[in-house]
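Notes to accompany the following structure.
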Amino acid sequence: MPHTARDLFVTGLRNAHAMERQAEELMERQIERTDDYPEVQARLRRHLEETRSQIGRLDRCLEACDASASTLKDVTMAFMGNMAAVGHMPAGDEILKNTFANNAFEHYEIAAYKSLIALADRAGVDAASLLSQSLKEEEEMAAWIDAHVKDVTLAYLAREAAAA
């Protein structure tokens, strides 16, 4: 069955909503465990607030399409976010694993928003400005992570050396 641009757009919005719920859960768990890295913790707190705003923007886009988020997708992805965060906890280098995973996840979100922006126009939905704001926030977070990989790595090394 062929899908219309609007069908694909709504599916993409639902997927992005679930993706942001996953991000929300991941960041909440990471914030709890980054006391030793206050700069990372502060940036995660800021991006958590941005993520909550992004969820609100996605809700507005879905409403404009007479649609709503998928509860099943949201719950599943939130659960996966928690499990991913828990999976890194036993690792001594948890901060490094989270940094690498966050870098990849931000780029996934960037691609998702670029796709939604492309579909919005074809779907006849005026959502590009809302989605572009979210894209900008994701690009800023990805750039921040990229710029701080070295600092986080060296801070982790220093903590390990001090503990030895």
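Chain labels run A, B, ... following the order of the structure tokens; each chain numbers its residues from 1, and ligands are numbered from 1 in the order shown.
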
Inset, instruction - Pick out the residues sitting within 12 Å of His107 (chain A), and hand them over as a PyMOL selection string; count only C-alpha atoms, and ignore anything fewer than 2 positions along from it in its own chain. - result: chain A and resi 100-105+109-114+135-143+145-146

Legend entry - DSSP alpha helix (DSSP H) selection over chain A, as a ChimeraX atom specification: /A:5-32,38-64,71-88,94-123,128-163

Legend entry - Shortest interatomic distance to Asn98 (chain A) - which of A:Arg21, A:Arg122, A:Arg159, A:Arg29, counting only C-alpha atoms: A:Arg29

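Taking CA of Asp7 (chain A) and CA of Ala123 (chain A) as the two end points, the separation is 8.1 Å.
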
Legend entry - 12 Å contact set for Ser129 (chain A), only C-alpha atoms, chain neighbours under 6 positions out, as a VMD selection string: chain A and resid 54 57 to 58 60 to 61 113 to 114 116 to 118 120 to 121 135 to 136

Requested write-out: N, CA and C atoms of the selected residues, as a PDB file, in the first residue's frame:
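Produced file part_17.pdb, reproduced below:
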```pdb
ATOM      1  N   GLN A  54      11.146  20.003  22.873  1.00  0.00           N
ATOM      2  CA  GLN A  54      11.020  19.323  21.583  1.00  0.00           C
ATOM      3  C   GLN A  54       9.825  18.381  21.580  1.00  0.00           C
ATOM      4  N   ARG A  57       6.876  20.459  21.002  1.00  0.00           N
ATOM      5  CA  ARG A  57       6.775  20.872  19.589  1.00  0.00           C
ATOM      6  C   ARG A  57       6.246  19.728  18.734  1.00  0.00           C
ATOM      7  N   LEU A  58       6.742  18.523  19.001  1.00  0.00           N
ATOM      8  CA  LEU A  58       6.256  17.361  18.248  1.00  0.00           C
ATOM      9  C   LEU A  58       4.773  17.126  18.514  1.00  0.00           C
ATOM     10  N   ARG A  60       2.603  19.443  19.126  1.00  0.00           N
ATOM     11  CA  ARG A  60       1.888  20.461  18.338  1.00  0.00           C
ATOM     12  C   ARG A  60       1.830  20.062  16.858  1.00  0.00           C
ATOM     13  N   CYS A  61       2.913  19.504  16.346  1.00  0.00           N
ATOM     14  CA  CYS A  61       2.925  19.055  14.951  1.00  0.00           C
ATOM     15  C   CYS A  61       1.928  17.916  14.750  1.00  0.00           C
ATOM     16  N   TYR A 113      15.272  14.877  12.320  1.00  0.00           N
ATOM     17  CA  TYR A 113      14.644  16.194  12.132  1.00  0.00           C
ATOM     18  C   TYR A 113      14.801  16.706  10.706  1.00  0.00           C
ATOM     19  N   LYS A 114      15.932  16.449  10.084  1.00  0.00           N
ATOM     20  CA  LYS A 114      16.113  16.852   8.682  1.00  0.00           C
ATOM     21  C   LYS A 114      15.100  16.144   7.791  1.00  0.00           C
ATOM     22  N   LEU A 116      12.128  14.967   8.754  1.00  0.00           N
ATOM     23  CA  LEU A 116      10.802  15.525   9.042  1.00  0.00           C
ATOM     24  C   LEU A 116      10.599  16.871   8.366  1.00  0.00           C
ATOM     25  N   ILE A 117      11.617  17.704   8.360  1.00  0.00           N
ATOM     26  CA  ILE A 117      11.509  19.019   7.708  1.00  0.00           C
ATOM     27  C   ILE A 117      11.253  18.835   6.215  1.00  0.00           C
ATOM     28  N   ALA A 118      11.951  17.868   5.608  1.00  0.00           N
ATOM     29  CA  ALA A 118      11.743  17.596   4.179  1.00  0.00           C
ATOM     30  C   ALA A 118      10.326  17.105   3.911  1.00  0.00           C
ATOM     31  N   ALA A 120       7.602  17.681   5.828  1.00  0.00           N
ATOM     32  CA  ALA A 120       6.563  18.626   6.252  1.00  0.00           C
ATOM     33  C   ALA A 120       5.992  19.397   5.072  1.00  0.00           C
ATOM     34  N   ASP A 121       6.865  19.914   4.241  1.00  0.00           N
ATOM     35  CA  ASP A 121       6.408  20.694   3.088  1.00  0.00           C
ATOM     36  C   ASP A 121       5.595  19.818   2.134  1.00  0.00           C
ATOM     37  N   LEU A 135      15.907  20.932  15.477  1.00  0.00           N
ATOM     38  CA  LEU A 135      17.127  20.578  14.745  1.00  0.00           C
ATOM     39  C   LEU A 135      18.302  21.424  15.220  1.00  0.00           C
ATOM     40  N   LYS A 136      18.081  22.713  15.370  1.00  0.00           N
ATOM     41  CA  LYS A 136      19.138  23.618  15.828  1.00  0.00           C
ATOM     42  C   LYS A 136      19.648  23.204  17.207  1.00  0.00           C
TER      43      LYS A 136
END
```

Inset, instruction - Fewer than 6 positions away in the same chain doesn't count, so skip those; otherwise give me all residues within 12 Å of Pro38 (chain A), counting only C-alpha atoms, as a count of residues only. - result: 8

Inset, instruction - Find the distance between CA of Ser134 (chain A) and CA of Ser68 (chain A) and write it in Å to one decimal. - result: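 So the two atoms, CA of Ser134 (chain A) and CA of Ser68 (chain A), lie 18.5 Å apart.
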
Legend entry - Closest of A:Tyr37, A:Tyr156, A:Asp126, A:Arg6 to Ala67 (chain A) - atom-to-atom distances counting only C-alpha atoms: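 Between A:Tyr37, A:Tyr156, A:Asp126, A:Arg6, the residue approaching Ala67 (chain A) most closely is A:Arg6.
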